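Trainee: What follows is entry-v5.cif, mmCIF, C-alpha atoms.
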data_data
loop_
_atom_site.label_atom_id
_atom_site.label_comp_id
_atom_site.auth_asym_id
_atom_site.auth_seq_id
_atom_site.Cartn_x
_atom_site.Cartn_y
_atom_site.Cartn_z
CA MET A 1 38.69 46.85 0.77
CA LYS A 2 36.93 44.92 3.51
CA TYR A 3 33.87 47.20 3.15
CA ILE A 4 33.72 46.73 -0.62
CA PHE A 5 33.88 42.93 -0.18
CA THR A 6 30.98 42.95 2.33
CA VAL A 7 28.83 45.07 0.02
CA ALA A 8 29.66 42.83 -2.94
CA LEU A 9 28.78 39.75 -0.87
CA LEU A 10 25.48 41.32 0.17
CA LEU A 11 24.66 42.09 -3.45
CA VAL A 12 25.37 38.48 -4.37
CA PHE A 13 23.10 37.24 -1.55
CA ILE A 14 20.34 39.64 -2.51
CA GLY A 15 20.73 38.67 -6.15
CA CYS A 16 20.49 34.97 -5.27
CA ASN A 17 17.54 35.59 -2.99
CA LYS A 18 15.65 37.44 -5.73
CA GLU A 19 16.40 34.63 -8.10
CA THR A 20 15.21 31.86 -5.79
CA THR A 21 11.87 33.55 -5.16
CA THR A 22 10.96 32.91 -8.78
CA ILE A 23 11.61 29.14 -8.49
CA LEU A 24 8.63 27.00 -7.48
CA GLU A 25 8.96 24.74 -4.45
CA PRO A 26 9.57 21.13 -5.48
CA ASN A 27 5.99 20.06 -4.63
CA ALA A 28 4.25 23.32 -5.51
CA VAL A 29 1.17 23.31 -7.68
CA ASP A 30 1.19 25.90 -10.45
CA LEU A 31 -2.12 27.62 -9.86
CA SER A 32 -2.08 29.25 -13.29
CA LEU A 33 -2.65 25.83 -14.88
CA SER A 34 -5.93 23.97 -15.32
CA PHE A 35 -6.72 21.12 -12.92
CA GLU A 36 -5.84 18.58 -15.61
CA GLU A 37 -2.48 20.24 -16.27
CA GLN A 38 -1.77 20.50 -12.55
CA MET A 39 -2.31 16.76 -12.17
CA LEU A 40 -0.19 15.86 -15.19
CA GLN A 41 2.68 17.95 -13.76
CA VAL A 42 2.89 15.79 -10.63
CA PRO A 43 6.04 13.71 -11.20
CA ASN A 44 4.90 10.19 -10.20
CA ASN A 45 1.88 9.68 -12.36
CA THR A 46 -0.31 6.86 -13.61
CA LEU A 47 -3.06 9.12 -14.94
CA GLU A 48 -3.22 8.51 -18.65
CA SER A 49 -5.20 11.27 -20.29
CA LYS A 50 -6.73 14.69 -19.74
CA GLU A 51 -10.12 13.22 -20.55
CA ILE A 52 -10.08 10.77 -17.66
CA ILE A 53 -8.70 13.40 -15.28
CA THR A 54 -11.61 15.67 -16.26
CA ALA A 55 -14.11 12.89 -15.54
CA TYR A 56 -12.48 12.19 -12.18
CA SER A 57 -12.44 15.93 -11.35
CA GLU A 58 -16.22 16.02 -11.84
CA ILE A 59 -16.53 13.07 -9.46
CA MET A 60 -14.31 14.87 -6.93
CA LYS A 61 -16.62 17.90 -7.07
CA GLU A 62 -19.75 15.84 -6.46
CA VAL A 63 -18.15 13.84 -3.62
CA LEU A 64 -17.03 17.09 -1.97
CA HIS A 65 -20.53 18.55 -2.42
CA MET A 66 -22.05 15.51 -0.76
CA ALA A 67 -19.46 15.48 2.04
CA GLN A 68 -20.16 19.16 2.77
CA ASP A 69 -23.90 18.56 2.87
CA GLN A 70 -23.99 15.48 5.09
CA MET B 1 -19.71 7.45 3.61
CA TYR B 2 -17.81 6.31 6.72
CA GLU B 3 -20.44 3.67 7.52
CA SER B 4 -20.15 2.16 4.04
CA ALA B 5 -16.36 2.21 4.17
CA GLU B 6 -16.24 0.69 7.63
CA GLN B 7 -18.70 -2.06 6.66
CA LEU B 8 -16.61 -2.96 3.62
CA SER B 9 -13.45 -3.00 5.71
CA ASN B 10 -15.01 -5.52 8.06
CA GLU B 11 -15.80 -7.67 5.07
CA GLY B 12 -12.11 -7.72 4.19
CA GLY B 13 -12.26 -4.64 1.97
CA ASP B 14 -10.25 -1.49 2.21
CA TYR B 15 -12.37 1.42 3.51
CA VAL B 16 -13.12 1.75 -0.17
CA VAL B 17 -16.58 2.41 -1.52
CA TYR B 18 -17.40 1.95 -5.18
CA LEU B 19 -18.98 5.07 -6.57
CA ASP B 20 -21.92 2.95 -7.73
CA ASN B 21 -22.54 1.97 -4.10
CA VAL B 22 -22.42 5.63 -3.06
CA THR B 23 -25.09 6.52 -5.59
CA ARG B 24 -27.19 3.48 -4.61
CA LYS B 25 -27.00 4.37 -0.93
CA PHE B 26 -27.86 8.05 -1.28
CA LYS B 27 -30.16 7.96 -4.32
CA SER B 28 -33.37 8.01 -2.27
CA SER B 29 -32.26 11.10 -0.35
CA ALA B 30 -33.72 14.26 -1.89
CA LYS B 31 -30.70 16.23 -0.67
CA PHE B 32 -28.32 14.13 -2.76
CA ALA B 33 -30.56 13.36 -5.76
CA LYS B 34 -28.78 15.76 -8.12
CA SER B 35 -25.30 14.61 -7.12
CA THR B 36 -26.12 10.91 -7.29
CA SER B 37 -27.60 11.18 -10.78
CA LYS B 38 -24.48 13.04 -11.93
CA LEU B 39 -22.27 10.43 -10.31
CA GLU B 40 -24.10 7.62 -12.10
CA VAL B 41 -23.27 9.20 -15.45
CA LEU B 42 -19.67 9.95 -14.44
CA SER B 43 -19.09 6.42 -13.14
CA ALA B 44 -20.18 4.98 -16.49
CA LYS B 45 -17.97 7.49 -18.33
CA VAL B 46 -14.86 6.62 -16.27
CA GLN B 47 -15.46 2.90 -16.81
CA SER B 48 -15.73 3.40 -20.58
CA LEU B 49 -12.49 5.44 -20.58
CA ASN B 50 -10.63 3.12 -18.21
CA ASN B 51 -11.06 -0.45 -19.54
CA GLY B 52 -14.08 -1.10 -17.33
CA LYS B 53 -12.30 -0.26 -14.09
CA LYS B 54 -14.79 1.14 -11.60
CA PRO B 55 -14.18 4.47 -9.88
CA MET B 56 -14.01 4.29 -6.11
CA VAL B 57 -13.80 6.52 -3.07
CA PHE B 58 -11.27 5.71 -0.36
CA PHE B 59 -11.57 7.34 3.05
CA PRO B 60 -8.32 6.74 4.98
CA LYS B 61 -9.63 8.29 8.19
CA ALA B 62 -12.09 5.39 8.48
CA GLU B 63 -9.29 3.30 10.00
CA THR B 64 -8.68 5.98 12.66
CA LEU B 65 -12.42 6.36 13.34
CA GLU B 66 -12.85 2.61 13.60
CA ASP B 67 -10.07 2.39 16.18
CA ASN B 68 -11.53 5.32 18.16
CA LEU B 69 -15.01 3.75 18.15
CA LYS B 70 -13.52 0.59 19.61
CA THR B 71 -11.43 2.28 22.29
CA LYS B 72 -13.18 5.55 23.23
CA LYS B 73 -16.53 5.38 25.03
CA GLY B 74 -19.14 7.77 23.61
CA PHE B 75 -17.02 8.56 20.55
CA SER B 76 -19.12 10.21 17.86
CA VAL B 77 -18.16 10.03 14.19
CA ALA B 78 -20.48 12.96 13.38
CA LYS B 79 -18.58 15.25 15.75
CA GLU B 80 -15.31 14.36 14.05
CA LEU B 81 -16.26 15.69 10.61
CA LEU B 82 -13.89 18.32 9.23
CA GLU B 83 -13.60 20.24 5.96
CA PRO B 84 -13.63 17.65 3.16
CA ILE B 85 -10.60 17.53 0.87
CA ALA B 86 -10.36 15.41 -2.29
CA VAL B 87 -7.27 13.75 -3.72
CA LEU B 88 -7.03 12.17 -7.14
CA LYS B 89 -5.41 8.74 -6.86
CA GLY B 90 -2.56 8.14 -9.28
CA ALA B 91 -0.34 11.22 -8.96
CA TYR B 92 2.07 11.95 -6.12
CA TYR B 93 5.30 13.75 -5.31
CA ASP B 94 8.58 12.10 -4.38
CA ASP B 95 7.80 12.53 -0.67
CA TYR B 96 4.53 10.60 -1.33
CA SER B 97 2.33 13.64 -0.68
CA ALA B 98 -0.42 14.36 -3.20
CA PRO B 99 -2.23 17.60 -4.05
CA GLY B 100 -5.52 18.01 -2.18
CA TYR B 101 -8.46 20.05 -3.45
CA THR B 102 -11.48 21.73 -1.89
CA LEU B 103 -14.42 23.53 -3.47
CA ASN B 104 -14.54 27.29 -3.86
CA SER B 105 -17.76 29.30 -3.64
CA SER B 106 -18.40 28.70 -7.35
CA GLY B 107 -18.23 24.93 -6.88
CA ASN B 108 -14.87 24.55 -8.64
CA LEU B 109 -11.88 22.61 -7.41
CA VAL B 110 -9.14 24.73 -5.85
CA TYR B 111 -5.80 23.50 -4.62
CA ASN B 112 -5.80 23.44 -0.83
CA ARG B 113 -2.59 21.75 0.35
CA ASN B 114 -0.38 18.75 -0.24
CA ILE B 115 -1.76 15.78 1.63
CA THR B 116 0.53 13.41 3.48
CA GLU B 117 -0.39 9.99 4.81
CA GLU B 118 -0.40 11.34 8.39
CA PHE B 119 -2.77 14.18 7.42
CA ALA B 120 -5.10 11.81 5.55
CA TRP B 121 -5.43 9.53 8.55
CA GLU B 122 -6.63 12.37 10.80
CA ASN B 123 -8.66 14.52 8.38
CA ASP B 124 -11.58 14.14 5.99
CA VAL B 125 -9.64 13.22 2.89
CA TYR B 126 -11.56 11.51 0.10
CA VAL B 127 -9.32 9.70 -2.38
CA ILE B 128 -11.01 9.32 -5.75
CA GLY B 129 -9.60 6.93 -8.32
CA GLU B 130 -9.65 3.54 -9.97
CA GLU B 131 -10.18 0.27 -8.16
CA GLU B 132 -7.41 -2.29 -7.61
CA LEU B 133 -8.44 -5.51 -9.31
CA ILE B 134 -7.08 -8.25 -7.08
CA ASP B 135 -8.51 -11.74 -6.98
CA CYS B 136 -8.76 -12.51 -3.28
CA SER B 137 -10.99 -15.57 -3.48
CA GLU B 138 -8.24 -17.69 -1.91
CA CYS B 139 -6.72 -15.11 0.39
CA ILE B 140 -5.77 -16.15 3.89
CA GLN B 141 -7.27 -14.00 6.63
CA ALA B 142 -4.74 -11.62 8.12
CA VAL B 143 -4.47 -11.88 11.86
CA ASP B 144 -3.47 -9.30 14.42
CA PRO B 145 0.14 -9.58 15.52
CA VAL B 146 0.72 -12.84 17.39
CA PRO B 147 0.69 -11.77 21.08
CA ASN B 148 2.90 -14.59 22.25
CA PRO B 149 5.40 -15.40 19.53
CA ILE B 150 6.43 -19.03 19.27
CA PRO B 151 9.37 -19.38 21.69
CA ILE B 152 12.68 -20.23 20.16
CA ASN B 153 14.45 -22.66 22.48
CA SER B 154 17.60 -22.80 20.44
CA ASP B 155 19.12 -20.77 17.68
CA LEU B 156 19.81 -23.93 15.72
CA ARG B 157 17.39 -26.09 13.77
CA ILE B 158 17.07 -29.83 14.34
CA ASP B 159 15.90 -32.28 11.68
CA GLY B 160 12.10 -32.39 11.46
CA ARG B 161 11.58 -29.10 13.34
CA THR B 162 8.38 -27.17 12.65
CA GLU B 163 9.29 -24.16 10.54
CA ASN B 164 7.09 -21.08 10.87
CA GLY B 165 7.24 -17.88 8.88
CA GLY B 166 5.13 -14.94 7.82
CA LYS B 167 7.00 -12.32 9.83
CA ILE B 168 7.84 -9.26 7.77
CA GLN B 169 9.11 -5.70 8.17
CA ILE B 170 8.45 -3.28 5.28
CA LEU B 171 11.22 -0.72 4.94
CA ASP B 172 9.38 2.05 3.07
CA LEU B 173 5.64 1.55 3.32
CA ASN B 174 4.69 4.18 0.76
CA ASP B 175 7.21 2.83 -1.73
CA VAL B 176 5.56 -0.58 -1.50
CA GLU B 177 1.94 0.63 -1.38
CA HIS B 178 1.17 4.32 -1.68
CA TRP B 179 -1.07 5.57 1.12
CA PHE B 180 -3.87 6.40 -1.30
CA SER B 181 -4.03 2.73 -2.27
CA GLY B 182 -4.86 1.71 1.31
CA LYS B 183 -4.24 -1.64 2.92
CA LEU B 184 -1.51 -4.05 1.91
CA GLU B 185 -2.17 -7.24 -0.01
CA LEU B 186 0.89 -9.38 0.59
CA ARG B 187 1.76 -12.73 -0.90
CA MET B 188 4.42 -15.07 0.48
CA ILE B 189 5.97 -17.78 -1.67
CA VAL B 190 8.34 -20.46 -0.41
CA THR B 191 9.98 -22.73 -2.94
CA GLY B 192 12.07 -25.74 -2.05
CA VAL B 193 13.30 -29.13 -3.06
CA LYS B 194 10.89 -32.04 -2.75
CA SER B 195 11.49 -34.67 -5.41
CA GLY B 196 12.56 -31.75 -7.58
CA ALA B 197 11.99 -28.02 -7.36
CA THR B 198 8.57 -27.27 -5.97
CA VAL B 199 6.40 -24.54 -4.50
CA LEU B 200 6.08 -25.42 -0.82
CA ARG B 201 3.82 -22.53 0.12
CA ASP B 202 2.12 -19.80 -1.92
CA ILE B 203 -0.06 -17.73 0.38
CA PRO B 204 -2.00 -14.62 -0.67
CA PHE B 205 -2.83 -12.89 2.60
CA GLN B 206 -6.01 -10.87 3.07
CA LYS B 207 -5.72 -7.09 3.04
CA THR B 208 -3.88 -5.92 6.15
CA LYS B 209 -4.18 -2.51 7.80
CA ARG B 210 -1.32 -0.11 7.15
CA LYS B 211 -0.95 0.72 10.83
CA HIS B 212 0.55 -2.73 11.39
CA PHE B 213 3.46 -1.84 9.08
CA LYS B 214 3.95 1.86 9.89
CA ASP B 215 7.34 3.03 11.17
CA LYS B 216 8.98 -0.22 10.08
CA LYS B 217 6.96 -2.26 12.56
CA TRP B 218 7.24 -6.04 12.21
CA PHE B 219 4.01 -7.82 11.35
CA ASP B 220 3.56 -11.48 12.08
CA TYR B 221 1.08 -13.52 10.02
CA GLY B 222 2.07 -16.49 12.19
CA THR B 223 2.21 -18.98 9.33
CA PHE B 224 3.08 -22.65 9.52
CA LEU B 225 5.38 -23.47 6.62
CA PHE B 226 6.43 -27.13 6.94
CA ASN B 227 8.25 -29.63 9.12
CA TRP B 228 11.80 -29.32 7.89
CA ASN B 229 12.81 -32.94 7.26
CA LEU B 230 16.19 -32.74 5.58
CA SER B 231 15.83 -36.04 3.72
CA VAL B 232 12.60 -34.79 2.10
CA LEU B 233 13.05 -31.01 1.77
CA GLY B 234 16.82 -30.67 1.43
CA ASP B 235 18.79 -28.11 3.37
CA TYR B 236 17.59 -24.86 1.84
CA ASN B 237 14.56 -23.10 0.46
CA ILE B 238 13.78 -19.71 -1.01
CA GLU B 239 11.26 -17.25 0.40
CA LYS B 240 9.83 -14.47 -1.75
CA TRP B 241 7.31 -11.70 -0.95
CA ILE B 242 5.12 -9.74 -3.30
CA GLU B 243 2.69 -6.87 -2.71
CA ARG B 244 -0.28 -7.52 -4.95
CA ASP B 245 -1.67 -4.64 -6.99
CA GLY B 246 -3.45 -6.41 -9.82
CA GLY B 247 -3.16 -5.70 -13.51
CA PRO B 248 -2.71 -8.02 -16.50
CA LYS B 249 -1.49 -11.55 -15.85
CA GLY B 250 2.21 -12.36 -16.19
CA THR B 251 4.82 -14.75 -14.87
CA PHE B 252 8.08 -14.63 -12.93
CA SER B 253 10.67 -17.26 -12.19
CA ILE B 254 12.59 -18.45 -9.15
CA THR B 255 15.86 -20.29 -9.70
CA MET B 256 16.71 -23.02 -7.23
CA PRO B 257 20.51 -23.46 -7.12
CA SER B 258 22.14 -26.90 -7.35
CA THR B 259 23.54 -28.57 -4.24
CA ALA B 260 26.03 -31.42 -3.75
CA TYR B 261 25.35 -34.72 -1.97
CA LYS B 262 25.87 -34.49 1.80
CA PRO B 263 26.50 -37.67 3.80
CA ALA B 264 24.68 -38.35 7.06
CA THR B 265 26.10 -36.97 10.30
CA SER B 266 25.31 -37.84 13.92
CA THR B 267 22.41 -35.34 13.87
CA THR B 268 21.34 -35.16 10.22
CA PRO B 269 20.38 -37.70 7.56
CA GLU B 270 22.09 -37.87 4.19
CA ILE B 271 20.91 -35.23 1.74
CA ASN B 272 20.73 -36.03 -1.95
CA ALA B 273 22.40 -33.84 -4.57
CA PHE B 274 20.06 -31.48 -6.40
CA PRO B 275 20.85 -30.42 -9.97
CA GLY B 276 19.10 -27.06 -9.72
CA ALA B 277 15.94 -25.93 -11.49
CA THR B 278 13.82 -22.91 -12.34
CA LEU B 279 10.19 -22.53 -11.29
CA THR B 280 7.70 -20.30 -13.07
CA LEU B 281 4.85 -18.71 -11.11
CA ASN B 282 1.97 -16.37 -11.87
CA ILE B 283 2.06 -12.69 -11.07
CA GLN B 284 0.10 -9.59 -12.11
CA LYS B 285 1.78 -6.71 -13.93
CA ASP B 286 1.23 -4.09 -11.22
CA ASP B 287 2.43 -6.32 -8.37
CA ASP B 288 5.48 -5.10 -6.45
CA ASP B 289 8.37 -7.49 -5.98
CA LEU B 290 9.68 -7.05 -2.43
CA GLY B 291 12.57 -9.43 -3.05
CA SER B 292 13.61 -12.93 -2.04
CA SER B 293 16.18 -14.69 0.09
CA LEU B 294 17.72 -18.13 0.31
CA ILE B 295 17.26 -19.68 3.74
CA GLN B 296 19.54 -22.51 4.82
CA PHE B 297 18.92 -25.16 7.45
CA THR B 298 22.19 -24.22 9.16
CA ASP B 299 21.27 -20.52 9.53
CA ASN B 300 20.48 -19.24 13.01
CA ILE B 301 16.71 -19.37 13.49
CA SER B 302 16.68 -15.73 14.63
CA GLN B 303 18.56 -14.59 11.53
CA GLU B 304 17.03 -11.63 9.75
CA TYR B 305 16.89 -11.91 5.96
CA PRO B 306 17.03 -8.68 3.93
CA LEU B 307 14.90 -8.93 0.77
CA GLY B 308 15.66 -5.45 -0.52
CA ARG B 309 12.37 -3.67 0.20
CA ALA B 310 11.55 -5.70 3.30
CA ASN B 311 13.15 -7.88 5.96
CA ILE B 312 11.80 -11.26 7.02
CA LEU B 313 12.23 -13.67 9.89
CA ARG B 314 11.59 -17.35 10.32
CA GLN B 315 10.36 -18.75 13.63
#
Please render this file's structure as structure tokens.

Mentor:
Amino acid sequence: MKYIFTVALLLVFIGCNKETTTILEPNAVDLSLSFEEQMLQVPNNTLESKEIITAYSEIMKEVLHMAQDQ
Amino acid sequence: MYESAEQLSNEGGDYVVYLDNVTRKFKSSAKFAKSTSKLEVLSAKVQSLNNGKKPMVFFPKAETLEDNLKTKKGFSVAKELLEPIAVLKGAYYDDYSAPGYTLNSSGNLVYNRNITEEFAWENDVYVIGEEELIDCSECIQAVDPVPNPIPINSDLRIDGRTENGGKIQILDLNDVEHWFSGKLELRMIVTGVKSGATVLRDIPFQKTKRKHFKDKKWFDYGTFLFNWNLSVLGDYNIEKWIERDGGPKGTFSITMPSTAYKPATSTTPEINAFPGATLTLNIQKDDDDLGSSLIQFTDNISQEYPLGRANILRQ
């Protein structure tokens, strides 16, 4: 009886463990989404539209280019 | 980039460089010609999409570099450059971290890591976003913490005593001003009774470095408030603090409670009854209300007043 309980408990743990691996961390970025969608998924957000996020993303690229080249 | 940010900080700015200034500064360099011409177009596009608000670049590490340049002999900014990471201002997680992006080999943005305030202060993090529109034409210069605080000889006030204030402790710095918004722009308002309800002091302080408020440190603006003459100013006043963030103009009100007539004693003059009143003051929509507290003449001078999002002291 004791043995059966331990095995059952293990199965429950393994089952839970498998399940939790599919849940994203609270602050994880979903890499399958576009940059705009990634930003809009961040919970505290004042960014108003995809269009402005796209424009800002282009600025980010150029600033990073310049920072790498300095 | 650092030089521009540092120069602006010394002028009372916020280690923030307008994108237009970046393009102006680097336009003549052949190496950056392509990027600067793209940035000119993008800056105009963002302004047209964002009610004329200019895009800016904020470099938090500038504050760390500035401190190191002052304290470490032979310190070189060039040797401190690390892999650049960009953060888009305006989106953050509940722990105040924000997603940071680098460039891949194709020149596209790829998620790198979540950036915390501590990481941003030590690494090459470029925050890109909209400017904060705050009118600081009448701001009072922030000072470094007062090295020798005004000594308090007694815990009790006497009639006519000089009342000083401006000492504040912010309880959750990122809640009040997110790290990607930079320095703090605080405003202190003291309302009292002087031939009716009146604003005794309304002081917008200049931008103040975040390091002065980190880890719930007390910061002392060392501000003279008034000589507390009971017959003129009554026996209480209200102190309110705001963190200014700009936005459309609005108003808020402060209610001054009524008080009864108090006859003279051996140490205090008579104090007239006050029927109570409400004062209306200007605010901007994005400003953060840190709270307010009623301060009475009979309170201990060293009493700490909780405002909700900050604590304050009188001196």

Trainee: Could you check which of B:Thr116, B:Ser302, B:Asn21, B:Gln296 is closest to Trp179 of chain B, using all atoms listed in the file?

Mentor: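 Among the listed residues, B:Thr116 lies closest to Trp179 of chain B.
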
Trainee: Suppose you want the space between atom CA of Asn174 of chain B and atom CA of Ile283 of chain B; what is it in Å?

Mentor: 20.8 Å

Trainee: Contacts from chain A to chain B, 12 Å maximum, only C-alpha atoms: show me the residue list as JSON, numbers by chain.

Mentor: {"A": [25, 26, 27, 28, 29, 30, 31, 32, 33, 34, 35, 36, 37, 38, 39, 40, 41, 42, 43, 44, 45, 46, 47, 48, 49, 50, 51, 52, 53, 54, 55, 56, 57, 58, 59, 60, 61, 62, 63, 64, 65, 66, 67, 68, 69, 70]}

Trainee: Hey, can you check how far atom CA of Phe58 of chain B sits from atom CA of Glu131 of chain B?

Mentor: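 So the two atoms, atom CA of Phe58 of chain B and atom CA of Glu131 of chain B, lie 9.6 Å apart.
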
Trainee: Expand the PyMOL selection byres ((chain B and resi 308) around 7) into the individual residues it matches in the shown file, reporting them as a list in words.

Mentor: Leu290, Gly291, Pro306, Leu307, Arg309 and Ala310 of chain B

Trainee: Once the PyMOL selection byres ((chain B and resi 60) around 12) is applied to the coordinates I shared, what remains selected? I want it as a VMD selection string.

Mentor: chain B and resid 1 to 2 5 to 6 9 14 to 17 57 to 59 61 to 66 85 to 87 115 to 128 178 to 183 209 to 211

Trainee: Determine the nearest neighbour of Thr267 of chain B from the options B:Gly166, B:Gly222, B:Gly160, B:Pro248, counting all atoms listed in the file.

Mentor: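 Ranked by minimum distance to Thr267 of chain B, first place goes to B:Gly160.
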
Trainee: Figure out the distance between atom CA of Gly52 of chain B and atom CA of Asp135 of chain B, please, to one decimal in Å.

Mentor: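 So the two atoms, atom CA of Asp135 of chain B and atom CA of Gly52 of chain B, lie 15.9 Å apart.
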
Trainee: Report as JSON, numbers by chain all protein, DNA and RNA residues lying within 10 Å of Gln303 of chain B, evaluated on all atoms listed in the file, omitting residues in the same chain fewer than 6 positions from it.

Mentor: {"B": [155, 295, 312, 313, 314, 315]}

Trainee: Generate the output file for the selected residues, C-alpha atoms, as a tab-separated table (two decimals), keeping the file's coordinate frame.

Mentor:
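Final output, result-v9.tsv:
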chain	number	residue	atom	x	y	z
B	155	ASP	CA	19.12	-20.77	17.68
B	295	ILE	CA	17.26	-19.68	3.74
B	312	ILE	CA	11.80	-11.26	7.02
B	313	LEU	CA	12.23	-13.67	9.89
B	314	ARG	CA	11.59	-17.35	10.32
B	315	GLN	CA	10.36	-18.75	13.63

Trainee: Taking all listed atoms of segment 27-35 of chain A, build the axis-aligned box, pad each of the six sides by 5 Å, then write its centre and edge lengths in Å to one decimal as JSON.

Mentor:
{"center_x": -0.4, "center_y": 24.7, "center_z": -10.0, "size_x": 22.7, "size_y": 19.2, "size_z": 20.7}

Trainee: The PyMOL selection byres ((chain B and resi 243) around 10) - which residues does that actually catch in the file I just gave you? List them as number ranges by chain.

Mentor: B: 176-177, 184-188, 204-205, 241-242, 244-246, 286-290
